[in-house]
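Below is protein20.txt, holding compact mmCIF, C-alpha atoms.
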# COMPACT_ATOMS: atom_id res chain seq x y z
CA MET V 251 0.00 0.00 0.00
CA ARG V 252 2.87 2.36 0.77
CA GLU V 253 4.45 1.68 -2.63
CA ARG V 254 1.09 2.10 -4.36
CA THR V 255 0.53 5.44 -2.65
CA ARG V 256 3.99 6.63 -3.65
CA LEU V 257 3.46 5.67 -7.29
CA GLU V 258 -0.01 7.24 -7.42
CA ARG V 259 1.39 10.48 -5.98
CA SER V 260 4.16 10.55 -8.60
CA ILE V 261 1.78 9.89 -11.50
CA ASP V 262 -0.75 12.47 -10.28
CA SER V 263 2.00 15.09 -9.92
CA TYR V 264 3.24 14.43 -13.46
CA ARG V 265 -0.26 14.70 -14.94
CA ARG V 266 -0.99 17.89 -12.97
CA ILE V 267 2.25 19.55 -14.12
CA GLU V 268 1.51 18.55 -17.73
CA ARG V 269 -2.03 19.98 -17.47
CA GLU V 270 -0.90 23.25 -15.89
CA VAL V 271 1.84 23.72 -18.51
CA ASP V 272 -0.79 23.40 -21.27
CA GLU V 273 -3.05 25.91 -19.48
CA ALA V 274 -0.21 28.42 -19.01
CA THR V 275 0.81 28.06 -22.65
CA GLU V 276 -2.75 28.73 -23.78
CA LEU V 277 -2.90 31.81 -21.53
CA ILE V 278 0.29 33.18 -23.07
CA GLU V 279 -1.10 32.69 -26.57
CA LEU V 280 -4.35 34.37 -25.50
CA GLY V 281 -2.48 37.27 -23.89
CA ASP V 282 -0.35 37.78 -26.99
CA ALA V 283 -3.41 37.75 -29.22
CA GLU V 284 -5.23 40.33 -27.09
CA GLY V 285 -2.14 42.37 -26.22
CA ASP V 286 -2.63 41.77 -22.47
CA ALA V 287 0.84 41.88 -20.92
CA ALA V 288 -0.50 41.17 -17.41
CA ILE V 289 -1.91 37.79 -18.46
CA VAL V 290 1.36 36.89 -20.20
CA ALA V 291 3.42 37.85 -17.13
CA GLU V 292 1.15 35.83 -14.83
CA ALA V 293 1.36 32.77 -17.08
CA GLU V 294 5.15 33.06 -17.35
CA ALA V 295 5.46 33.23 -13.54
CA SER V 296 3.30 30.10 -13.32
CA LEU V 297 5.57 28.33 -15.83
CA GLU V 298 8.62 29.24 -13.77
CA LYS V 299 7.08 27.69 -10.67
CA LEU V 300 6.21 24.58 -12.66
CA ARG V 301 9.78 24.40 -13.95
CA GLU V 302 11.11 24.43 -10.37
CA GLU V 303 8.65 21.73 -9.33
CA ALA V 304 9.54 19.60 -12.37
CA THR V 305 13.21 19.88 -11.40
CA ARG V 306 12.40 18.64 -7.89
CA ARG V 307 10.38 15.75 -9.30
CA GLU V 308 13.23 14.88 -11.64
CA VAL V 309 15.60 14.56 -8.69
CA GLU V 310 13.03 12.50 -6.77
CA SER V 311 12.85 10.10 -9.71
CA LEU V 312 16.48 9.21 -8.97
CA LEU V 313 15.36 7.61 -5.71
CA SER V 314 14.89 4.21 -7.28
CA GLY V 315 17.17 2.09 -5.08
CA GLU V 316 15.98 -1.06 -3.38
CA VAL V 317 15.44 0.64 -0.03
CA ASP V 318 15.48 4.35 -0.98
CA ALA V 319 11.85 4.76 0.10
CA ASN V 320 12.57 3.50 3.64
CA ASP V 321 13.17 5.31 6.90
CA CYS V 322 16.80 5.46 8.00
CA TYR V 323 19.12 5.49 10.98
CA LEU V 324 21.63 8.32 11.24
CA GLU V 325 24.72 8.07 13.44
CA VAL V 326 27.04 10.97 14.20
CA HIS V 327 30.46 10.50 15.83
CA ALA V 328 32.95 13.12 16.97
CA GLY V 329 36.51 12.81 15.68
CA GLN V 330 39.70 13.42 17.58
CA GLY V 331 40.02 16.81 19.20
CA GLY V 332 38.08 16.62 22.45
CA THR V 333 35.54 19.35 23.18
CA GLU V 334 36.02 21.10 19.85
CA ALA V 335 35.18 17.96 17.82
CA GLN V 336 32.32 17.01 20.15
CA ASP V 337 30.75 20.45 19.72
CA TRP V 338 31.05 20.04 15.93
CA ALA V 339 29.37 16.62 16.13
CA GLU V 340 26.41 18.20 17.92
CA MET V 341 26.23 20.96 15.29
CA LEU V 342 26.28 18.32 12.53
CA LEU V 343 23.49 16.34 14.16
CA ARG V 344 21.41 19.52 14.59
CA MET V 345 21.89 20.25 10.87
CA TYR V 346 20.34 16.92 9.90
CA VAL V 347 17.53 17.27 12.44
CA ARG V 348 16.70 20.72 11.06
CA TRP V 349 16.74 19.35 7.50
CA ALA V 350 14.35 16.58 8.54
CA GLU V 351 12.02 19.08 10.23
CA HIS V 352 11.98 21.26 7.08
CA HIS V 353 10.74 18.20 5.13
CA ASP V 354 8.16 17.16 7.75
CA TYR V 355 10.10 14.03 8.70
CA LYS V 356 9.85 12.67 12.22
CA VAL V 357 13.11 12.30 14.17
CA GLU V 358 13.34 9.75 16.98
CA TRP V 359 16.33 9.81 19.36
CA LEU V 360 17.72 6.34 20.07
CA GLU V 361 21.09 6.91 21.75
CA GLU V 362 23.30 9.80 22.76
CA SER V 363 26.65 10.00 24.55
CA ALA V 364 27.26 13.48 25.92
CA GLY V 365 30.60 15.20 25.44
CA GLU V 366 32.95 15.84 28.33
CA GLY V 367 32.68 19.63 28.23
CA ALA V 368 30.18 20.35 25.48
CA GLY V 369 28.59 18.69 22.48
CA ILE V 370 28.30 14.93 21.97
CA LYS V 371 30.67 12.02 21.51
CA SER V 372 28.09 10.11 19.46
CA ALA V 373 24.38 9.91 18.81
CA THR V 374 21.94 7.79 16.84
CA VAL V 375 18.57 8.97 15.57
CA ARG V 376 15.91 7.43 13.36
CA VAL V 377 14.50 9.59 10.56
CA ASN V 378 10.98 8.53 9.59
CA GLY V 379 9.46 9.65 6.31
CA ALA V 380 9.07 8.80 2.63
CA ASP V 381 12.45 8.45 0.87
CA ALA V 382 14.40 9.37 4.02
CA TYR V 383 17.17 6.87 3.25
CA GLY V 384 17.22 7.77 -0.44
CA TRP V 385 17.89 11.41 0.35
CA LEU V 386 20.38 10.95 3.17
CA LYS V 387 22.36 7.91 1.99
CA THR V 388 25.02 10.05 0.29
CA GLU V 389 25.79 11.84 3.58
CA SER V 390 27.86 8.97 4.99
CA GLY V 391 31.44 10.12 5.43
CA VAL V 392 33.62 12.64 7.21
CA HIS V 393 32.63 16.30 7.60
CA ARG V 394 35.31 18.96 8.23
CA LEU V 395 34.77 22.25 10.08
CA VAL V 396 37.14 25.23 10.10
CA ARG V 397 36.36 28.05 12.54
CA ILE V 398 37.61 30.26 15.34
CA SER V 399 37.20 27.98 18.33
CA PRO V 400 34.82 29.27 21.03
CA PHE V 401 36.76 27.04 23.46
CA ASP V 402 40.15 28.64 22.75
CA SER V 403 40.92 31.67 24.91
CA ASN V 404 43.43 32.82 22.28
CA ALA V 405 40.74 32.77 19.56
CA ARG V 406 42.79 30.60 17.22
CA ARG V 407 41.42 28.89 14.16
CA HIS V 408 40.73 25.16 14.59
CA THR V 409 39.90 22.31 12.21
CA SER V 410 37.52 19.66 13.53
CA PHE V 411 36.17 16.43 12.11
CA ALA V 412 32.98 14.47 12.69
CA SER V 413 31.52 11.54 10.79
CA ALA V 414 27.97 10.73 9.74
CA TRP V 415 26.79 7.21 8.98
CA VAL V 416 23.42 6.51 7.34
CA TYR V 417 21.79 3.10 6.92
CA PRO V 418 18.23 2.06 6.03
CA VAL V 419 15.49 0.74 8.27
CA ILE V 420 14.78 -2.55 6.53
CA ASP V 421 11.40 -4.13 5.96
CA ASP V 422 10.36 -7.38 7.65
CA LYS V 423 10.17 -8.98 4.19
CA ILE V 424 13.97 -8.73 3.94
CA GLU V 425 15.49 -11.67 5.78
CA ILE V 426 18.73 -11.17 7.68
CA GLU V 427 20.19 -14.26 9.36
CA ILE V 428 21.86 -13.56 12.70
CA ASN V 429 23.34 -16.36 14.78
CA ASP V 430 23.14 -15.98 18.55
CA LYS V 431 26.67 -17.36 18.94
CA ASP V 432 27.98 -14.39 16.92
CA LEU V 433 26.56 -11.84 19.36
CA ARG V 434 27.84 -10.28 22.55
CA ILE V 435 25.08 -8.48 24.44
CA ASP V 436 25.95 -6.04 27.23
CA THR V 437 23.63 -4.12 29.50
CA TYR V 438 24.50 -0.87 31.22
CA ARG V 439 22.86 2.06 32.92
CA ALA V 440 21.56 4.74 30.60
CA SER V 441 23.06 8.22 30.91
CA GLY V 442 21.63 11.67 30.41
CA ALA V 443 18.20 13.10 31.10
CA GLY V 444 15.37 10.76 31.96
CA GLY V 445 14.69 10.93 35.67
CA GLN V 446 15.76 8.64 38.49
CA HIS V 447 14.83 5.46 36.62
CA VAL V 448 17.79 5.61 34.21
CA ASN V 449 20.23 5.63 37.11
CA LYS V 450 18.74 2.62 38.91
CA THR V 451 18.36 -0.06 36.25
CA ASP V 452 20.61 -1.55 33.57
CA SER V 453 18.07 -0.83 30.83
CA ALA V 454 20.47 0.26 28.05
CA ILE V 455 21.58 -2.40 25.56
CA ARG V 456 24.76 -2.76 23.53
CA ILE V 457 25.02 -5.55 20.92
CA THR V 458 28.29 -6.47 19.23
CA HIS V 459 28.17 -8.60 16.08
CA GLN V 460 31.56 -10.22 16.40
CA PRO V 461 32.12 -11.47 12.79
CA SER V 462 31.60 -8.00 11.34
CA GLY V 463 32.62 -5.88 14.33
CA ILE V 464 29.37 -3.90 14.07
CA VAL V 465 28.23 -2.41 17.38
CA VAL V 466 24.77 -0.96 18.03
CA GLN V 467 23.30 0.44 21.21
CA CYS V 468 20.01 1.85 22.41
CA GLN V 469 18.96 3.59 25.61
CA SER V 470 15.89 5.54 24.54
CA GLU V 471 13.31 3.36 26.31
CA ARG V 472 12.77 2.65 30.01
CA SER V 473 12.38 -1.05 29.31
CA GLN V 474 15.42 -3.24 28.61
CA HIS V 475 13.15 -5.39 26.42
CA GLN V 476 12.19 -2.43 24.24
CA ASN V 477 15.79 -1.26 23.98
CA ARG V 478 16.83 -4.79 22.97
CA ALA V 479 14.19 -4.85 20.23
CA HIS V 480 15.37 -1.46 18.91
CA ALA V 481 19.00 -2.59 19.01
CA PHE V 482 18.26 -5.80 17.08
CA ALA V 483 16.38 -3.79 14.44
CA MET V 484 19.38 -1.47 14.12
CA LEU V 485 21.75 -4.45 13.87
CA ARG V 486 19.69 -6.01 11.07
CA ALA V 487 19.73 -2.68 9.25
CA ARG V 488 23.50 -2.27 9.69
CA LEU V 489 24.18 -5.78 8.39
CA TYR V 490 21.93 -5.16 5.41
CA GLU V 491 23.60 -1.82 4.67
CA ALA V 492 27.01 -3.51 4.90
CA GLU V 493 25.88 -6.03 2.28
CA LEU V 494 24.63 -3.21 0.04
CA GLN V 495 28.01 -1.51 0.43
CA LYS V 496 29.80 -4.71 -0.61
CA ARG V 497 27.66 -4.88 -3.74
CA GLU V 498 28.35 -1.24 -4.56
CA ASP V 499 32.09 -1.66 -4.00
CA ALA V 500 32.13 -4.64 -6.33
CA THR V 501 30.16 -2.79 -9.01
CA ALA V 502 32.28 0.35 -8.74
CA ALA V 503 35.66 -1.34 -8.46
CA MET V 504 36.88 0.33 -11.64
CA ASN V 505 35.43 3.73 -10.85
CA ALA V 506 38.36 5.85 -9.70
CA SER V 507 36.11 8.63 -8.44
CA LYS V 508 34.14 6.45 -6.07
CA THR V 509 33.80 7.92 -2.61
CA GLU V 510 34.94 5.65 0.19
CA ILE V 511 33.23 5.82 3.55
CA GLY V 512 35.54 6.28 6.51
CA TRP V 513 37.95 8.53 8.32
CA GLY V 514 40.38 10.36 6.08
CA HIS V 515 37.86 10.59 3.24
CA GLN V 516 36.03 13.83 3.98
CA ILE V 517 33.07 14.56 1.77
CA ARG V 518 32.34 18.17 2.69
CA SER V 519 34.12 21.17 4.23
CA TYR V 520 32.36 23.83 6.28
CA VAL V 521 34.53 26.96 6.56
CA LEU V 522 33.45 29.75 8.92
CA GLN V 523 36.85 31.49 9.19
CA PRO V 524 38.71 33.21 7.54
CA TYR V 525 35.93 33.22 4.90
CA GLN V 526 32.41 31.77 4.65
CA MET V 527 31.93 28.70 2.46
CA VAL V 528 30.54 25.18 2.41
CA LYS V 529 31.91 22.99 -0.38
CA ASP V 530 31.15 19.39 -1.28
CA LEU V 531 34.42 17.79 -2.30
CA ARG V 532 32.72 15.11 -4.40
CA THR V 533 30.42 17.21 -6.58
CA GLY V 534 32.03 20.65 -6.38
CA VAL V 535 28.75 22.23 -5.22
CA GLU V 536 29.41 25.15 -2.89
CA THR V 537 27.67 28.06 -1.20
CA GLY V 538 28.81 31.17 0.65
CA ASN V 539 26.06 30.85 3.27
CA PRO V 540 27.19 28.22 5.82
CA ALA V 541 24.67 29.49 8.40
CA ALA V 542 21.79 28.38 6.16
CA VAL V 543 23.43 24.99 5.51
CA LEU V 544 23.99 24.37 9.22
CA ASP V 545 20.33 25.24 9.73
CA GLY V 546 19.29 22.41 7.42
CA ASP V 547 19.48 23.88 3.90
CA LEU V 548 21.02 20.74 2.37
CA ASP V 549 18.88 20.00 -0.66
CA ARG V 550 21.33 21.27 -3.29
CA PHE V 551 24.10 19.08 -1.86
CA LEU V 552 21.88 16.01 -1.52
CA ALA V 553 20.52 16.34 -5.06
CA ALA V 554 23.98 16.78 -6.62
CA ALA V 555 25.48 13.83 -4.74
CA LEU V 556 22.51 11.65 -5.64
CA ALA V 557 22.70 12.61 -9.33
CA GLN V 558 26.45 11.93 -9.36
CA ARG V 559 25.98 8.50 -7.81
CA ILE V 560 23.32 7.59 -10.38
CA ALA V 561 25.46 8.90 -13.25
CA GLY V 562 28.45 6.93 -11.98
CA ALA V 563 26.44 3.71 -11.79
CA ASP V 564 25.12 4.28 -15.34
CA ALA V 565 28.66 4.86 -16.62
CA ILE V 566 29.90 1.64 -15.03
CA THR V 567 26.97 -0.29 -16.54
CA ALA V 568 27.71 1.15 -19.98
CA GLU V 569 31.41 0.26 -19.72
CA GLY V 570 30.53 -3.26 -18.61
Output the file's structure as structure tokens, nothing else.
Amino acid sequence: MRERTRLERSIDSYRRIEREVDEATELIELGDAEGDAAIVAEAEASLEKLREEATRREVESLLSGEVDANDCYLEVHAGQGGTEAQDWAEMLLRMYVRWAEHHDYKVEWLEESAGEGAGIKSATVRVNGADAYGWLKTESGVHRLVRISPFDSNARRHTSFASAWVYPVIDDKIEIEINDKDLRIDTYRASGAGGQHVNKTDSAIRITHQPSGIVVQCQSERSQHQNRAHAFAMLRARLYEAELQKREDATAAMNASKTEIGWGHQIRSYVLQPYQMVKDLRTGVETGNPAAVLDGDLDRFLAAALAQRIAGADAITAEG
């Protein structure tokens, strides 16, 4: 039903745009015939809005991956650098939360480890909404910040790193086999806000999948049982995403421009000092308004990275 609704919405949008383009064209012809410049101007403004909408729909049509329509998990981790990096990790997480809010997505906090002085060491959230994974999947990688540190009394410029990791929430119809003997399950007391309960019971869960080294943890619920269920869902999603990554690596083995995911492979730089700029190092897209980007204005970067990934896959297929 969800897939049917998505397809119906796409088809209806296409037909509506086509109909409104015909109506605007007829208005322009009518305005020209009668010498009414106001009608022509109004119709041209309508065409411009339709052009912008058609561009958005064109980008959305790129979201054709196996799990692009699914919700997703988003992890953010601070790099080396103590308080400075932890503050940047919190800023990065806020950027994604603001982007999700702008698109009417629901954000659910699953785990957060507070920083020692400020910011966060790590956090995991779930982004719920149509095509959430499709839009955010290209954000996995290292993000670099250059600014005058608010934690440096000498007001020196600092470079900080934080990483984002995005993986899909998988459907029940996708089977992931997990052997109990491959798991190490630890319980611990949740930290942070939440009242006295979090300090009295070992309700938080950490699961380590030993063959792959994947670690997931959840402390958002009061019940250990609920946290365990969330953690297992996250583990299944991580294992599935790892398999997708293996497939992509195999397909793109001969693509020299392929972006690797991991430390040392930054995908975007955010420069606040000595000048103002955000630049994506994969696509070359940049803007001189980092404040807007850090407040969630990411669409131009997401669309360009998505288009590049699709184009790269097409090129590999053609070469093959």
> Of the candidates V:Leu494, V:Leu257, V:Leu297, V:Ala368, which one gets nearest to V:Gly315 if we count all atoms listed in the file?
Replying inline: V:Leu494
> In file coordinates, which residues lie within 9 Å of (17.5, 22.9, 7.1) using all atoms listed in the file, given as JSON, numbers by chain?
Replying inline: {"V": [345, 346, 347, 348, 349, 350, 351, 352, 353, 542, 543, 544, 545, 546, 547, 548, 549]}
> Pick the closest to V:Ser390 from V:Glu325, V:Glu303, V:Glu270, V:Glu358: which is it, counting only C-alpha atoms?
Replying inline: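 Ranked by minimum distance to V:Ser390, first place goes to V:Glu325.
Selection around (27.1, -12.6, 16.5) with radius 12 Å, counting only C-alpha atoms, yields the residues Glu427, Ile428, Asn429, Asp430, Lys431, Asp432, Leu433, Arg434, Ile435, Ile457, Thr458, His459, Gln460, Pro461, Ser462, Gly463, Ile464, Val465, Val466, Phe482, Leu485, Arg486 and Leu489 of chain V.
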Closest atom pairs, stretch 327-423 of chain V residues within 7 Å of stretch 515-527 of chain V, all atoms listed in the file, as JSON lines:
{"residue": "V:Gly391", "atom": "CA", "partner": "V:Ile517", "partner_atom": "CA", "distance": 6.0}
{"residue": "V:Val392", "atom": "CA", "partner": "V:Gln516", "partner_atom": "CA", "distance": 4.2}
{"residue": "V:His393", "atom": "CA", "partner": "V:Arg518", "partner_atom": "CA", "distance": 5.3}
{"residue": "V:Arg394", "atom": "CA", "partner": "V:Ser519", "partner_atom": "CA", "distance": 4.7}
{"residue": "V:Leu395", "atom": "CA", "partner": "V:Tyr520", "partner_atom": "CA", "distance": 4.8}
{"residue": "V:Val396", "atom": "CA", "partner": "V:Val521", "partner_atom": "CA", "distance": 4.7}
{"residue": "V:Arg397", "atom": "CA", "partner": "V:Gln523", "partner_atom": "CA", "distance": 4.8}
{"residue": "V:Ile398", "atom": "CA", "partner": "V:Gln523", "partner_atom": "CA", "distance": 6.3}
>> I'd like the interatomic distance between atom CA of V:His408 and atom CA of V:Val535, to a tenth of an Å.
In response: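 Spanning atom CA of V:His408 to atom CA of V:Val535 is a straight-line distance of 23.3 Å.
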>> Can you pull out the residues contacting V:Gly365? Cut-off 8 Å, using all atoms listed in the file, and skip same-chain residues under 2 positions away; I want them as a list of chain:residue names.
In response: V:Thr333, V:Gln336, V:Asp337, V:Ser363, V:Gly367, V:Ala368, V:Gly369, V:Ile370, V:Lys371
>> Ranking V:Glu258, V:Glu302, V:Asp318, V:Glu491 by minimum distance to V:Leu386 and counting only C-alpha atoms, which one comes first?
In response: V:Asp318
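Comparing V:Arg344, V:Arg265, V:Lys529, V:Arg259 by their smallest distance to V:Leu324, the closest is V:Arg344 (using only C-alpha atoms).
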> Between V:Cys322, V:Val377, V:Ile420, V:Leu552, which is the closest to V:Trp359 once you count all atoms listed in the file?
Replying inline: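 Residue with the minimum atom-to-atom distance to V:Trp359: V:Val377.
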>> Residues within 8 Å of V:Ala554, please, as JSON, numbers by chain. Count all atoms listed in the file; anything in the same chain fewer than 3 positions from it doesn't count.
In response: {"V": [533, 535, 550, 551, 557, 558]}
Take the residues that were just selected and, keeping C-alpha atoms, output them as an mmCIF file, keeping the file's coordinate frame.
data_model
loop_
_atom_site.group_PDB
_atom_site.id
_atom_site.type_symbol
_atom_site.label_atom_id
_atom_site.label_comp_id
_atom_site.auth_asym_id
_atom_site.auth_seq_id
_atom_site.Cartn_x
_atom_site.Cartn_y
_atom_site.Cartn_z
ATOM 1 C CA THR V 533 30.420 17.210 -6.580
ATOM 2 C CA VAL V 535 28.750 22.230 -5.220
ATOM 3 C CA ARG V 550 21.330 21.270 -3.290
ATOM 4 C CA PHE V 551 24.100 19.080 -1.860
ATOM 5 C CA ALA V 557 22.700 12.610 -9.330
ATOM 6 C CA GLN V 558 26.450 11.930 -9.360
#
Selected stretch 312-334 of chain V, written as a short mmCIF file (atom, residue, chain, number, x, y, z; two decimals), in the first residue's frame, N, CA, C and O atoms:
data_model
loop_
_atom_site.label_atom_id
_atom_site.label_comp_id
_atom_site.auth_asym_id
_atom_site.auth_seq_id
_atom_site.Cartn_x
_atom_site.Cartn_y
_atom_site.Cartn_z
N LEU V 312 15.22 9.92 -9.13
CA LEU V 312 16.48 9.21 -8.97
C LEU V 312 16.45 8.27 -7.78
O LEU V 312 17.33 7.41 -7.63
N LEU V 313 15.45 8.44 -6.91
CA LEU V 313 15.36 7.61 -5.71
C LEU V 313 14.71 6.28 -6.05
O LEU V 313 13.58 5.99 -5.68
N SER V 314 15.45 5.46 -6.78
CA SER V 314 14.89 4.21 -7.28
C SER V 314 15.61 2.99 -6.70
O SER V 314 15.42 1.88 -7.18
N GLY V 315 16.44 3.20 -5.69
CA GLY V 315 17.17 2.09 -5.08
C GLY V 315 16.24 1.14 -4.34
O GLY V 315 15.08 1.47 -4.05
N GLU V 316 16.77 -0.01 -4.01
CA GLU V 316 15.98 -1.06 -3.38
C GLU V 316 15.30 -0.61 -2.09
O GLU V 316 14.18 -0.99 -1.79
N VAL V 317 15.99 0.21 -1.32
CA VAL V 317 15.44 0.64 -0.03
C VAL V 317 15.41 2.17 0.10
O VAL V 317 15.31 2.70 1.20
N ASP V 318 15.48 2.88 -1.02
CA ASP V 318 15.48 4.35 -0.98
C ASP V 318 14.24 4.92 -0.31
O ASP V 318 14.29 5.98 0.31
N ALA V 319 13.11 4.24 -0.45
CA ALA V 319 11.85 4.76 0.10
C ALA V 319 11.75 4.58 1.61
O ALA V 319 10.85 5.13 2.24
N ASN V 320 12.68 3.85 2.22
CA ASN V 320 12.57 3.50 3.64
C ASN V 320 13.00 4.62 4.57
O ASN V 320 13.68 5.57 4.17
N ASP V 321 12.61 4.47 5.85
CA ASP V 321 13.17 5.31 6.90
C ASP V 321 14.65 4.97 7.05
O ASP V 321 15.15 4.01 6.46
N CYS V 322 15.37 5.75 7.85
CA CYS V 322 16.80 5.46 8.00
C CYS V 322 17.27 5.78 9.42
O CYS V 322 16.63 6.52 10.17
N TYR V 323 18.40 5.16 9.77
CA TYR V 323 19.12 5.49 10.98
C TYR V 323 20.27 6.42 10.61
O TYR V 323 20.91 6.24 9.56
N LEU V 324 20.53 7.39 11.46
CA LEU V 324 21.63 8.32 11.24
C LEU V 324 22.50 8.35 12.50
O LEU V 324 22.01 8.65 13.58
N GLU V 325 23.76 8.01 12.34
CA GLU V 325 24.72 8.07 13.44
C GLU V 325 25.69 9.22 13.20
O GLU V 325 26.14 9.44 12.07
N VAL V 326 26.03 9.92 14.26
CA VAL V 326 27.04 10.97 14.20
C VAL V 326 28.08 10.68 15.27
O VAL V 326 27.73 10.38 16.42
N HIS V 327 29.37 10.75 14.90
CA HIS V 327 30.46 10.50 15.83
C HIS V 327 31.47 11.65 15.76
O HIS V 327 31.83 12.10 14.67
N ALA V 328 31.92 12.09 16.92
CA ALA V 328 32.95 13.12 16.97
C ALA V 328 34.31 12.51 16.64
O ALA V 328 34.59 11.36 17.00
N GLY V 329 35.15 13.26 15.96
CA GLY V 329 36.51 12.81 15.68
C GLY V 329 37.44 13.17 16.82
O GLY V 329 37.01 13.58 17.91
N GLN V 330 38.72 13.05 16.57
CA GLN V 330 39.70 13.42 17.58
C GLN V 330 39.71 14.93 17.75
O GLN V 330 39.46 15.67 16.83
N GLY V 331 39.99 15.38 18.96
CA GLY V 331 40.02 16.81 19.20
C GLY V 331 39.24 17.25 20.41
O GLY V 331 39.08 18.45 20.66
N GLY V 332 38.73 16.29 21.19
CA GLY V 332 38.08 16.62 22.45
C GLY V 332 36.84 17.48 22.29
O GLY V 332 35.99 17.23 21.43
N THR V 333 36.74 18.51 23.12
CA THR V 333 35.54 19.35 23.18
C THR V 333 35.21 19.99 21.85
O THR V 333 34.05 20.07 21.45
N GLU V 334 36.23 20.43 21.14
CA GLU V 334 36.02 21.10 19.85
C GLU V 334 35.30 20.18 18.86
O GLU V 334 34.32 20.55 18.22
#
